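> Below are the structure tokens for one structure; questions will follow.
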Amino acid sequence: MASGFDYDNAFSRNLGWTTEAEQARLRNARVAVAGLGGVGGFHVTTLARLGVGKFSIADFDAFDYPNFNRQAGAMVSTVGKQKAEVITAMTKDINPEADIRVFPKGVDESNIEAFLDGASVYVDGLDFFAFKARQLAFATCHRLGIPAVTAAPLGMGTSVLVFLPGGMSFEDYFGFEGRSDTEKALRFLVGLAPRRLHNDYLVEPNRISLKDRKGPSTVMGCMLCAGAAATETLKLILNRGGVRGAPWGYHFDAYTNRLVRTWRPGGHRNPLQRLAIRIGARMLAKSA
């Protein structure tokens with residue numbers, strides 16, 4: 001324990017936006033975050049500064065130099081170190097009292113329920129292309145009645161969807177079942193950002209390849225994700241502020257200074273969504 005650390009003093013500047021009773025609820029709440037790279041590390045450290053006192057975190061990867069442009073724990077001193085180890089240390093440096101359960105092999109069928117045990121909210125930090133783990137995490141949350149938040153970094157903005165207990169499921173919204181990984185990538189991208197606010201300033205489109213699982217990223221997008229996801233998480237834990245679940249979502253783009261709220265009733269079955277998926281598939285076929 002750090003000498004002189006006191007939870008109430010450390011997070012006292014949250015008060016006003018939260019009450020003392022609400023801050024105590026955040027202190028006792030557990031948030032599960034799978035994936036600690038681009039957005040996940042920022043999710044955990046942002047929530048730790050909010051005063052959330054308990055975490056379940058999962059990642060099997062280690063930091064490397066290509067992570068430097070956007071990942072919270074990526075520094076010269078952490079190259080080669082496990083992301084879960086680094087983010088745990090960073091979180092403990094913010095709140096030495098934090099209760100952190102670490103899943104260093106990631107999440108799979110053997111540990112997903114243990115990972116989500118006691119969680120008030122699940123926050124998605126998985127790599128864009130981690131489809132199997134993402135489907136498993138969201139399906140388990142839906143089955144267990146745990147709200148799940150995903151905030152995707154798109155260009156210099158974020159697109160946010162919340163899946164609420166009893167509401168539309170991840171599968172109903174995106175329609176991944178039985179699809180190839182390339183089509184899952186297309187459906188995920190189209191579903192996250194139906195209005196595509198980020199497209200107009202993509203200066204080198206050839207840097208994106210869903211087939212090859214690669215694409216550009218920015219730290220601005222990742223940090224905006226963390227702020228948006230933490231806000232939704234706060235509202236869910238404190239049961240105030242109102243949270244609109246999928247098929248509602250929103251996309252804020254800092255580069256274009258635009259905010260749009262999206263609504264896709266029926267999810268992937270929505271006629272507009274089906275049209276966007278078909279158009280995207282044709283574009284992929286032409287670029288192949």
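By convention in this document, the chains of the structure tokens carry letters A, B, ... by their order, each chain's residues are numbered from 1, and ligands are numbered from 1 in the order they are shown.
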Residues at most 12 Å from Ser77 of chain A, counting only C-alpha atoms, excluding those fewer than 4 positions away in the same chain, as a ChimeraX atom specification?

/A:63-65,68,73,81-82,86

> Using only N, CA and C atoms, please write the residues we just selected to a file, as a PDB file, in the first residue's frame.


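Okay, this is what ended up in part_5.pdb:
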ATOM      1  N   PHE A  63       3.215  -6.224 -25.214  1.00  0.00           N
ATOM      2  CA  PHE A  63       3.386  -4.955 -25.930  1.00  0.00           C
ATOM      3  C   PHE A  63       4.545  -5.038 -26.912  1.00  0.00           C
ATOM      4  N   ASP A  64       4.377  -4.315 -28.042  1.00  0.00           N
ATOM      5  CA  ASP A  64       5.408  -4.245 -29.075  1.00  0.00           C
ATOM      6  C   ASP A  64       5.387  -2.834 -29.663  1.00  0.00           C
ATOM      7  N   TYR A  65       6.392  -2.513 -30.459  1.00  0.00           N
ATOM      8  CA  TYR A  65       6.535  -1.157 -30.977  1.00  0.00           C
ATOM      9  C   TYR A  65       5.354  -0.659 -31.811  1.00  0.00           C
ATOM     10  N   PHE A  68       2.719   1.601 -30.095  1.00  0.00           N
ATOM     11  CA  PHE A  68       3.070   2.883 -29.485  1.00  0.00           C
ATOM     12  C   PHE A  68       2.127   4.020 -29.862  1.00  0.00           C
ATOM     13  N   GLY A  73      -0.577   1.303 -22.336  1.00  0.00           N
ATOM     14  CA  GLY A  73       0.567   0.707 -21.653  1.00  0.00           C
ATOM     15  C   GLY A  73       1.791   0.528 -22.514  1.00  0.00           C
ATOM     16  N   LYS A  81       6.631  -7.000 -22.455  1.00  0.00           N
ATOM     17  CA  LYS A  81       5.932  -7.345 -21.222  1.00  0.00           C
ATOM     18  C   LYS A  81       4.462  -7.641 -21.503  1.00  0.00           C
ATOM     19  N   GLN A  82       3.882  -8.519 -20.721  1.00  0.00           N
ATOM     20  CA  GLN A  82       2.479  -8.889 -20.900  1.00  0.00           C
ATOM     21  C   GLN A  82       1.572  -7.687 -20.617  1.00  0.00           C
ATOM     22  N   VAL A  86       1.198  -5.235 -17.207  1.00  0.00           N
ATOM     23  CA  VAL A  86       1.458  -3.792 -17.248  1.00  0.00           C
ATOM     24  C   VAL A  86       0.241  -2.995 -16.808  1.00  0.00           C
TER      25      VAL A  86
END

> Can you pull out every residue within 10 Å of segment 275-280 of chain A, counting only C-alpha atoms, but drop anything in the same chain fewer than 3 positions away, and send it as a PDB file with N, CA, C and O atoms, in the first residue's frame?


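Now in selection_0.pdb:
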ATOM      1  N   GLU A 183     -16.548 -11.400 -43.642  1.00  0.00           N
ATOM      2  CA  GLU A 183     -17.896 -10.828 -43.594  1.00  0.00           C
ATOM      3  C   GLU A 183     -18.231 -10.344 -42.191  1.00  0.00           C
ATOM      4  O   GLU A 183     -18.934  -9.336 -42.025  1.00  0.00           O
ATOM      5  N   LEU A 186     -16.824  -6.920 -41.956  1.00  0.00           N
ATOM      6  CA  LEU A 186     -17.669  -5.974 -42.673  1.00  0.00           C
ATOM      7  C   LEU A 186     -18.925  -5.650 -41.877  1.00  0.00           C
ATOM      8  O   LEU A 186     -19.295  -4.471 -41.719  1.00  0.00           O
ATOM      9  N   ARG A 187     -19.585  -6.658 -41.352  1.00  0.00           N
ATOM     10  CA  ARG A 187     -20.811  -6.445 -40.578  1.00  0.00           C
ATOM     11  C   ARG A 187     -20.534  -5.660 -39.299  1.00  0.00           C
ATOM     12  O   ARG A 187     -21.352  -4.833 -38.885  1.00  0.00           O
ATOM     13  N   PHE A 188     -19.396  -5.925 -38.680  1.00  0.00           N
ATOM     14  CA  PHE A 188     -19.036  -5.210 -37.459  1.00  0.00           C
ATOM     15  C   PHE A 188     -18.815  -3.730 -37.771  1.00  0.00           C
ATOM     16  O   PHE A 188     -19.328  -2.851 -37.084  1.00  0.00           O
ATOM     17  N   LEU A 189     -18.079  -3.458 -38.828  1.00  0.00           N
ATOM     18  CA  LEU A 189     -17.790  -2.078 -39.199  1.00  0.00           C
ATOM     19  C   LEU A 189     -19.058  -1.321 -39.588  1.00  0.00           C
ATOM     20  O   LEU A 189     -19.295  -0.204 -39.122  1.00  0.00           O
ATOM     21  N   VAL A 190     -19.889  -1.933 -40.409  1.00  0.00           N
ATOM     22  CA  VAL A 190     -21.133  -1.287 -40.847  1.00  0.00           C
ATOM     23  C   VAL A 190     -22.085  -1.100 -39.671  1.00  0.00           C
ATOM     24  O   VAL A 190     -22.735  -0.057 -39.536  1.00  0.00           O
ATOM     25  N   GLY A 191     -22.154  -2.090 -38.796  1.00  0.00           N
ATOM     26  CA  GLY A 191     -23.052  -1.991 -37.650  1.00  0.00           C
ATOM     27  C   GLY A 191     -22.620  -0.955 -36.635  1.00  0.00           C
ATOM     28  O   GLY A 191     -23.448  -0.289 -36.014  1.00  0.00           O
ATOM     29  N   PRO A 194     -23.080   3.168 -38.937  1.00  0.00           N
ATOM     30  CA  PRO A 194     -23.923   3.244 -40.131  1.00  0.00           C
ATOM     31  C   PRO A 194     -23.769   4.551 -40.905  1.00  0.00           C
ATOM     32  O   PRO A 194     -23.961   4.578 -42.122  1.00  0.00           O
ATOM     33  N   HIS A 268     -29.075  -6.261 -38.061  1.00  0.00           N
ATOM     34  CA  HIS A 268     -28.552  -6.613 -39.385  1.00  0.00           C
ATOM     35  C   HIS A 268     -29.663  -6.929 -40.377  1.00  0.00           C
ATOM     36  O   HIS A 268     -29.421  -6.968 -41.593  1.00  0.00           O
ATOM     37  N   ARG A 269     -30.883  -7.137 -39.885  1.00  0.00           N
ATOM     38  CA  ARG A 269     -32.009  -7.410 -40.779  1.00  0.00           C
ATOM     39  C   ARG A 269     -32.675  -6.128 -41.284  1.00  0.00           C
ATOM     40  O   ARG A 269     -33.521  -6.178 -42.186  1.00  0.00           O
ATOM     41  N   ASN A 270     -32.299  -4.997 -40.730  1.00  0.00           N
ATOM     42  CA  ASN A 270     -32.860  -3.725 -41.156  1.00  0.00           C
ATOM     43  C   ASN A 270     -32.539  -3.493 -42.636  1.00  0.00           C
ATOM     44  O   ASN A 270     -31.406  -3.722 -43.068  1.00  0.00           O
ATOM     45  N   PRO A 271     -33.511  -3.055 -43.451  1.00  0.00           N
ATOM     46  CA  PRO A 271     -33.253  -2.876 -44.883  1.00  0.00           C
ATOM     47  C   PRO A 271     -32.060  -1.974 -45.191  1.00  0.00           C
ATOM     48  O   PRO A 271     -31.278  -2.277 -46.104  1.00  0.00           O
ATOM     49  N   LEU A 272     -31.905  -0.879 -44.434  1.00  0.00           N
ATOM     50  CA  LEU A 272     -30.759   0.005 -44.671  1.00  0.00           C
ATOM     51  C   LEU A 272     -29.445  -0.692 -44.344  1.00  0.00           C
ATOM     52  O   LEU A 272     -28.440  -0.529 -45.041  1.00  0.00           O
ATOM     53  N   MET A 283     -17.753  -3.749 -52.716  1.00  0.00           N
ATOM     54  CA  MET A 283     -16.491  -2.993 -52.687  1.00  0.00           C
ATOM     55  C   MET A 283     -15.329  -3.905 -52.323  1.00  0.00           C
ATOM     56  O   MET A 283     -14.243  -3.787 -52.887  1.00  0.00           O
ATOM     57  N   LEU A 284     -15.563  -4.829 -51.384  1.00  0.00           N
ATOM     58  CA  LEU A 284     -14.518  -5.773 -51.006  1.00  0.00           C
ATOM     59  C   LEU A 284     -14.158  -6.683 -52.187  1.00  0.00           C
ATOM     60  O   LEU A 284     -12.991  -6.961 -52.429  1.00  0.00           O
ATOM     61  N   ALA A 285     -15.191  -7.130 -52.905  1.00  0.00           N
ATOM     62  CA  ALA A 285     -14.948  -8.020 -54.047  1.00  0.00           C
ATOM     63  C   ALA A 285     -14.136  -7.317 -55.130  1.00  0.00           C
ATOM     64  O   ALA A 285     -13.242  -7.912 -55.742  1.00  0.00           O
ATOM     65  N   LYS A 286     -14.412  -6.029 -55.358  1.00  0.00           N
ATOM     66  CA  LYS A 286     -13.670  -5.283 -56.376  1.00  0.00           C
ATOM     67  C   LYS A 286     -12.214  -5.072 -55.992  1.00  0.00           C
ATOM     68  O   LYS A 286     -11.331  -5.037 -56.848  1.00  0.00           O
TER      69      LYS A 286
END

> For the contact check between segment 169-247 of chain A and segment 26-45 of chain A, emit one row per residue of segment 169-247 of chain A within 10 Å, containing the shortest atom pair and the distance in Å rounded to one decimal, counting only C-alpha atoms, chain then rising number order, as CSV.


residue,atom,partner,partner_atom,distance
A:Ser217,CA,A:Gly38,CA,8.6
A:Thr218,CA,A:Gly38,CA,9.0
A:Val219,CA,A:Gly38,CA,8.0
A:Gly221,CA,A:Val39,CA,8.6
A:Cys222,CA,A:Val39,CA,5.0
A:Met223,CA,A:Phe42,CA,6.6
A:Leu224,CA,A:Val39,CA,9.2
A:Cys225,CA,A:Val39,CA,6.8
A:Ala226,CA,A:His43,CA,4.8
A:Gly227,CA,A:His43,CA,7.9
A:Ala228,CA,A:His43,CA,9.5
A:Ala229,CA,A:His43,CA,7.3
A:Ala230,CA,A:His43,CA,6.9
A:Thr233,CA,A:Val31,CA,8.4
A:Leu234,CA,A:Leu26,CA,7.7
A:Ile237,CA,A:Leu26,CA,7.1
A:Leu238,CA,A:Leu26,CA,7.7

> Could you save the residues just selected, with N, CA and C atoms, as an mmCIF file, in the first residue's frame?


data_model
loop_
_atom_site.group_PDB
_atom_site.id
_atom_site.type_symbol
_atom_site.label_atom_id
_atom_site.label_comp_id
_atom_site.auth_asym_id
_atom_site.auth_seq_id
_atom_site.Cartn_x
_atom_site.Cartn_y
_atom_site.Cartn_z
ATOM 1 N N SER A 217 -5.052 3.468 -37.091
ATOM 2 C CA SER A 217 -5.683 3.805 -35.820
ATOM 3 C C SER A 217 -5.092 5.110 -35.302
ATOM 4 N N THR A 218 -5.782 5.728 -34.337
ATOM 5 C CA THR A 218 -5.265 6.941 -33.703
ATOM 6 C C THR A 218 -5.484 6.867 -32.203
ATOM 7 N N VAL A 219 -4.612 7.541 -31.461
ATOM 8 C CA VAL A 219 -4.775 7.604 -30.006
ATOM 9 C C VAL A 219 -5.998 8.437 -29.646
ATOM 10 N N GLY A 221 -8.895 8.489 -31.145
ATOM 11 C CA GLY A 221 -10.046 7.608 -31.169
ATOM 12 C C GLY A 221 -10.114 6.732 -29.929
ATOM 13 N N CYS A 222 -8.964 6.183 -29.525
ATOM 14 C CA CYS A 222 -8.947 5.292 -28.352
ATOM 15 C C CYS A 222 -9.310 6.031 -27.072
ATOM 16 N N MET A 223 -8.804 7.258 -26.918
ATOM 17 C CA MET A 223 -9.090 8.004 -25.690
ATOM 18 C C MET A 223 -10.545 8.477 -25.658
ATOM 19 N N LEU A 224 -11.091 8.827 -26.809
ATOM 20 C CA LEU A 224 -12.512 9.179 -26.857
ATOM 21 C C LEU A 224 -13.381 7.969 -26.502
ATOM 22 N N CYS A 225 -12.967 6.791 -26.959
ATOM 23 C CA CYS A 225 -13.683 5.565 -26.598
ATOM 24 C C CYS A 225 -13.735 5.386 -25.087
ATOM 25 N N ALA A 226 -12.592 5.593 -24.447
ATOM 26 C CA ALA A 226 -12.517 5.386 -23.003
ATOM 27 C C ALA A 226 -13.434 6.346 -22.262
ATOM 28 N N GLY A 227 -13.482 7.600 -22.694
ATOM 29 C CA GLY A 227 -14.358 8.565 -22.051
ATOM 30 C C GLY A 227 -15.825 8.219 -22.227
ATOM 31 N N ALA A 228 -16.189 7.807 -23.454
ATOM 32 C CA ALA A 228 -17.586 7.458 -23.721
ATOM 33 C C ALA A 228 -17.986 6.194 -22.978
ATOM 34 N N ALA A 229 -17.137 5.167 -23.021
ATOM 35 C CA ALA A 229 -17.471 3.899 -22.368
ATOM 36 C C ALA A 229 -17.537 4.064 -20.850
ATOM 37 N N ALA A 230 -16.631 4.865 -20.285
ATOM 38 C CA ALA A 230 -16.654 5.092 -18.838
ATOM 39 C C ALA A 230 -17.929 5.818 -18.423
ATOM 40 N N THR A 233 -20.696 3.343 -18.474
ATOM 41 C CA THR A 233 -20.499 2.437 -17.341
ATOM 42 C C THR A 233 -20.944 3.090 -16.040
ATOM 43 N N LEU A 234 -20.582 4.343 -15.848
ATOM 44 C CA LEU A 234 -21.027 5.078 -14.662
ATOM 45 C C LEU A 234 -22.548 5.095 -14.581
ATOM 46 N N ILE A 237 -23.860 1.605 -13.587
ATOM 47 C CA ILE A 237 -23.601 1.235 -12.200
ATOM 48 C C ILE A 237 -24.460 2.047 -11.239
ATOM 49 N N LEU A 238 -24.610 3.353 -11.529
ATOM 50 C CA LEU A 238 -25.346 4.235 -10.629
ATOM 51 C C LEU A 238 -26.833 4.320 -10.953
#

> Name the residues of segment 12-95 of chain A that fall into strand (DSSP E or B) according to DSSP on the backbone, using the chain letters and numbers of this document, as an MDAnalysis selection string.

chainID A and resid 15 18 30:34 54:58 62 82

> Keeping only all heavy atoms, write the selected residues as an mmCIF file, in the first residue's frame.


data_model
loop_
_atom_site.group_PDB
_atom_site.id
_atom_site.type_symbol
_atom_site.label_atom_id
_atom_site.label_comp_id
_atom_site.auth_asym_id
_atom_site.auth_seq_id
_atom_site.Cartn_x
_atom_site.Cartn_y
_atom_site.Cartn_z
ATOM 1 N N LEU A 15 -16.439 14.159 -6.663
ATOM 2 C CA LEU A 15 -17.646 14.570 -5.943
ATOM 3 C C LEU A 15 -18.176 15.882 -6.496
ATOM 4 O O LEU A 15 -17.426 16.819 -6.775
ATOM 5 C CB LEU A 15 -17.356 14.683 -4.445
ATOM 6 C CG LEU A 15 -16.886 13.390 -3.779
ATOM 7 C CD1 LEU A 15 -16.552 13.635 -2.316
ATOM 8 C CD2 LEU A 15 -17.945 12.296 -3.911
ATOM 9 N N THR A 18 -20.488 13.126 -8.804
ATOM 10 C CA THR A 18 -21.054 11.988 -8.083
ATOM 11 C C THR A 18 -21.265 12.415 -6.633
ATOM 12 O O THR A 18 -20.627 13.354 -6.150
ATOM 13 C CB THR A 18 -20.107 10.767 -8.095
ATOM 14 O OG1 THR A 18 -18.891 11.103 -7.403
ATOM 15 C CG2 THR A 18 -19.783 10.323 -9.504
ATOM 16 N N ARG A 30 -17.593 -4.021 -9.743
ATOM 17 C CA ARG A 30 -16.606 -4.722 -10.558
ATOM 18 C C ARG A 30 -16.931 -4.523 -12.036
ATOM 19 O O ARG A 30 -18.087 -4.708 -12.456
ATOM 20 C CB ARG A 30 -16.589 -6.219 -10.237
ATOM 21 C CG ARG A 30 -15.601 -7.025 -11.104
ATOM 22 C CD ARG A 30 -15.480 -8.472 -10.659
ATOM 23 N NE ARG A 30 -14.968 -8.565 -9.303
ATOM 24 C CZ ARG A 30 -13.671 -8.492 -8.976
ATOM 25 N NH1 ARG A 30 -12.757 -8.328 -9.936
ATOM 26 N NH2 ARG A 30 -13.305 -8.576 -7.715
ATOM 27 N N VAL A 31 -15.915 -4.151 -12.812
ATOM 28 C CA VAL A 31 -16.058 -4.022 -14.257
ATOM 29 C C VAL A 31 -15.108 -5.021 -14.920
ATOM 30 O O VAL A 31 -13.925 -5.099 -14.556
ATOM 31 C CB VAL A 31 -15.745 -2.595 -14.734
ATOM 32 C CG1 VAL A 31 -15.812 -2.515 -16.265
ATOM 33 C CG2 VAL A 31 -16.722 -1.598 -14.110
ATOM 34 N N ALA A 32 -15.618 -5.780 -15.866
ATOM 35 C CA ALA A 32 -14.810 -6.739 -16.615
ATOM 36 C C ALA A 32 -14.405 -6.124 -17.948
ATOM 37 O O ALA A 32 -15.251 -5.562 -18.654
ATOM 38 C CB ALA A 32 -15.597 -8.025 -16.842
ATOM 39 N N VAL A 33 -13.125 -6.209 -18.275
ATOM 40 C CA VAL A 33 -12.608 -5.674 -19.536
ATOM 41 C C VAL A 33 -11.750 -6.743 -20.202
ATOM 42 O O VAL A 33 -10.711 -7.139 -19.662
ATOM 43 C CB VAL A 33 -11.759 -4.398 -19.322
ATOM 44 C CG1 VAL A 33 -11.271 -3.852 -20.675
ATOM 45 C CG2 VAL A 33 -12.536 -3.334 -18.565
ATOM 46 N N ALA A 34 -12.192 -7.219 -21.357
ATOM 47 C CA ALA A 34 -11.407 -8.185 -22.130
ATOM 48 C C ALA A 34 -10.691 -7.444 -23.248
ATOM 49 O O ALA A 34 -11.315 -6.698 -24.008
ATOM 50 C CB ALA A 34 -12.304 -9.271 -22.705
ATOM 51 N N LYS A 54 -12.954 -2.488 -8.485
ATOM 52 C CA LYS A 54 -12.749 -3.908 -8.754
ATOM 53 C C LYS A 54 -12.766 -4.153 -10.259
ATOM 54 O O LYS A 54 -13.630 -3.622 -10.969
ATOM 55 C CB LYS A 54 -13.840 -4.744 -8.080
ATOM 56 C CG LYS A 54 -13.885 -4.594 -6.564
ATOM 57 C CD LYS A 54 -15.036 -5.399 -5.966
ATOM 58 C CE LYS A 54 -15.137 -5.197 -4.459
ATOM 59 N NZ LYS A 54 -16.254 -5.970 -3.869
ATOM 60 N N PHE A 55 -11.829 -4.961 -10.713
ATOM 61 C CA PHE A 55 -11.722 -5.251 -12.142
ATOM 62 C C PHE A 55 -11.456 -6.734 -12.368
ATOM 63 O O PHE A 55 -10.779 -7.391 -11.579
ATOM 64 C CB PHE A 55 -10.570 -4.463 -12.771
ATOM 65 C CG PHE A 55 -10.761 -2.978 -12.781
ATOM 66 C CD1 PHE A 55 -10.258 -2.199 -11.752
ATOM 67 C CD2 PHE A 55 -11.450 -2.355 -13.818
ATOM 68 C CE1 PHE A 55 -10.438 -0.822 -11.748
ATOM 69 C CE2 PHE A 55 -11.636 -0.983 -13.819
ATOM 70 C CZ PHE A 55 -11.126 -0.209 -12.786
ATOM 71 N N SER A 56 -11.981 -7.218 -13.492
ATOM 72 C CA SER A 56 -11.547 -8.482 -14.066
ATOM 73 C C SER A 56 -10.995 -8.123 -15.438
ATOM 74 O O SER A 56 -11.715 -7.523 -16.250
ATOM 75 C CB SER A 56 -12.706 -9.469 -14.185
ATOM 76 O OG SER A 56 -13.203 -9.827 -12.910
ATOM 77 N N ILE A 57 -9.721 -8.442 -15.686
ATOM 78 C CA ILE A 57 -9.098 -8.044 -16.950
ATOM 79 C C ILE A 57 -8.490 -9.263 -17.625
ATOM 80 O O ILE A 57 -8.025 -10.195 -16.958
ATOM 81 C CB ILE A 57 -8.030 -6.951 -16.751
ATOM 82 C CG1 ILE A 57 -6.879 -7.446 -15.860
ATOM 83 C CG2 ILE A 57 -8.671 -5.694 -16.154
ATOM 84 C CD1 ILE A 57 -5.732 -6.438 -15.743
ATOM 85 N N ALA A 58 -8.504 -9.259 -18.959
ATOM 86 C CA ALA A 58 -8.022 -10.422 -19.701
ATOM 87 C C ALA A 58 -7.270 -9.986 -20.946
ATOM 88 O O ALA A 58 -7.747 -9.126 -21.698
ATOM 89 C CB ALA A 58 -9.197 -11.323 -20.091
ATOM 90 N N ALA A 62 1.517 -9.387 -25.546
ATOM 91 C CA ALA A 62 2.564 -8.541 -24.977
ATOM 92 C C ALA A 62 2.700 -7.276 -25.815
ATOM 93 O O ALA A 62 2.341 -7.251 -27.005
ATOM 94 C CB ALA A 62 3.896 -9.292 -24.947
ATOM 95 N N GLN A 82 3.882 -8.519 -20.721
ATOM 96 C CA GLN A 82 2.479 -8.889 -20.900
ATOM 97 C C GLN A 82 1.572 -7.687 -20.617
ATOM 98 O O GLN A 82 1.763 -6.972 -19.622
ATOM 99 C CB GLN A 82 2.106 -10.041 -19.984
ATOM 100 C CG GLN A 82 2.800 -11.361 -20.330
ATOM 101 C CD GLN A 82 2.467 -11.825 -21.726
ATOM 102 O OE1 GLN A 82 3.361 -11.946 -22.576
ATOM 103 N NE2 GLN A 82 1.201 -12.095 -21.992
#

> Give me the residues within 8 Å of Val160 of chain A as a tab-separated table (two decimals) with N, CA and C atoms, in the first residue's frame, counting only C-alpha atoms and dropping any in the same chain fewer than 3 places off.


chain	number	residue	atom	x	y	z
A	149	VAL	N	-20.85	-2.95	-22.98
A	149	VAL	CA	-20.58	-1.69	-23.68
A	149	VAL	C	-19.45	-1.92	-24.69
A	150	THR	N	-19.65	-1.47	-25.92
A	150	THR	CA	-18.56	-1.46	-26.88
A	150	THR	C	-18.43	-0.05	-27.44
A	151	ALA	N	-17.20	0.46	-27.43
A	151	ALA	CA	-16.90	1.78	-28.01
A	151	ALA	C	-15.75	1.59	-28.98
A	152	ALA	N	-16.02	1.77	-30.25
A	152	ALA	CA	-15.02	1.47	-31.28
A	152	ALA	C	-14.29	2.73	-31.70
A	192	LEU	N	-21.31	-0.81	-36.46
A	192	LEU	CA	-20.80	0.17	-35.51
A	192	LEU	C	-21.04	1.59	-35.98
A	225	CYS	N	-12.97	6.79	-26.96
A	225	CYS	CA	-13.68	5.57	-26.60
A	225	CYS	C	-13.73	5.39	-25.09
A	228	ALA	N	-16.19	7.81	-23.45
A	228	ALA	CA	-17.59	7.46	-23.72
A	228	ALA	C	-17.99	6.19	-22.98
A	229	ALA	N	-17.14	5.17	-23.02
A	229	ALA	CA	-17.47	3.90	-22.37
A	229	ALA	C	-17.54	4.06	-20.85
A	249	GLY	N	-27.55	3.69	-31.00
A	249	GLY	CA	-26.13	3.90	-30.79
A	249	GLY	C	-25.79	5.34	-31.10
A	250	TYR	N	-24.55	5.72	-30.92
A	250	TYR	CA	-24.14	7.06	-31.33
A	250	TYR	C	-22.70	7.06	-31.79
A	251	HIS	N	-22.38	8.02	-32.65
A	251	HIS	CA	-21.06	8.14	-33.25
A	251	HIS	C	-20.64	9.61	-33.14

> Go through A:Met156, A:Leu136, A:Ile146, A:Leu116 one by one, measure the shortest atom-to-atom distance of each to Glu177 of chain A using only C-alpha atoms, and give the residue with the smallest value.

A:Leu136

> When you draw a straight line from atom CA of Glu204 of chain A to atom CA of Ala133 of chain A, how long is it in Å?

29.7 Å

> In Å to one decimal, how far is atom CA of Val107 of chain A from atom CA of Ala185 of chain A?

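Pair atom CA of Ala185 of chain A / atom CA of Val107 of chain A returns 19.7 Å.
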
> With distances taken over only C-alpha atoms, which of A:Thr88, A:Ser159, A:Asn95, A:Gln135 is nearest to Tyr7 of chain A?

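Among the listed residues, the smallest separation from Tyr7 of chain A belongs to A:Asn95.
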
> Identify, with DSSP run on backbone atoms, the residues in segment 6-111 of chain A assigned to alpha helix (DSSP H), and express the list as an NGL selection string.

:A and (7-10 or 20-28 or 40-50 or 83-94)

> Do a neighbour search on Asp6 of chain A at 10 Å with only C-alpha atoms, toss out local chain neighbours closer than 5 positions, and write the hits as a list of chain:residue names.

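The residues satisfying every condition are A:Met1, A:Phe11, A:Ser12, A:Asn95, A:Pro96, A:Glu97.
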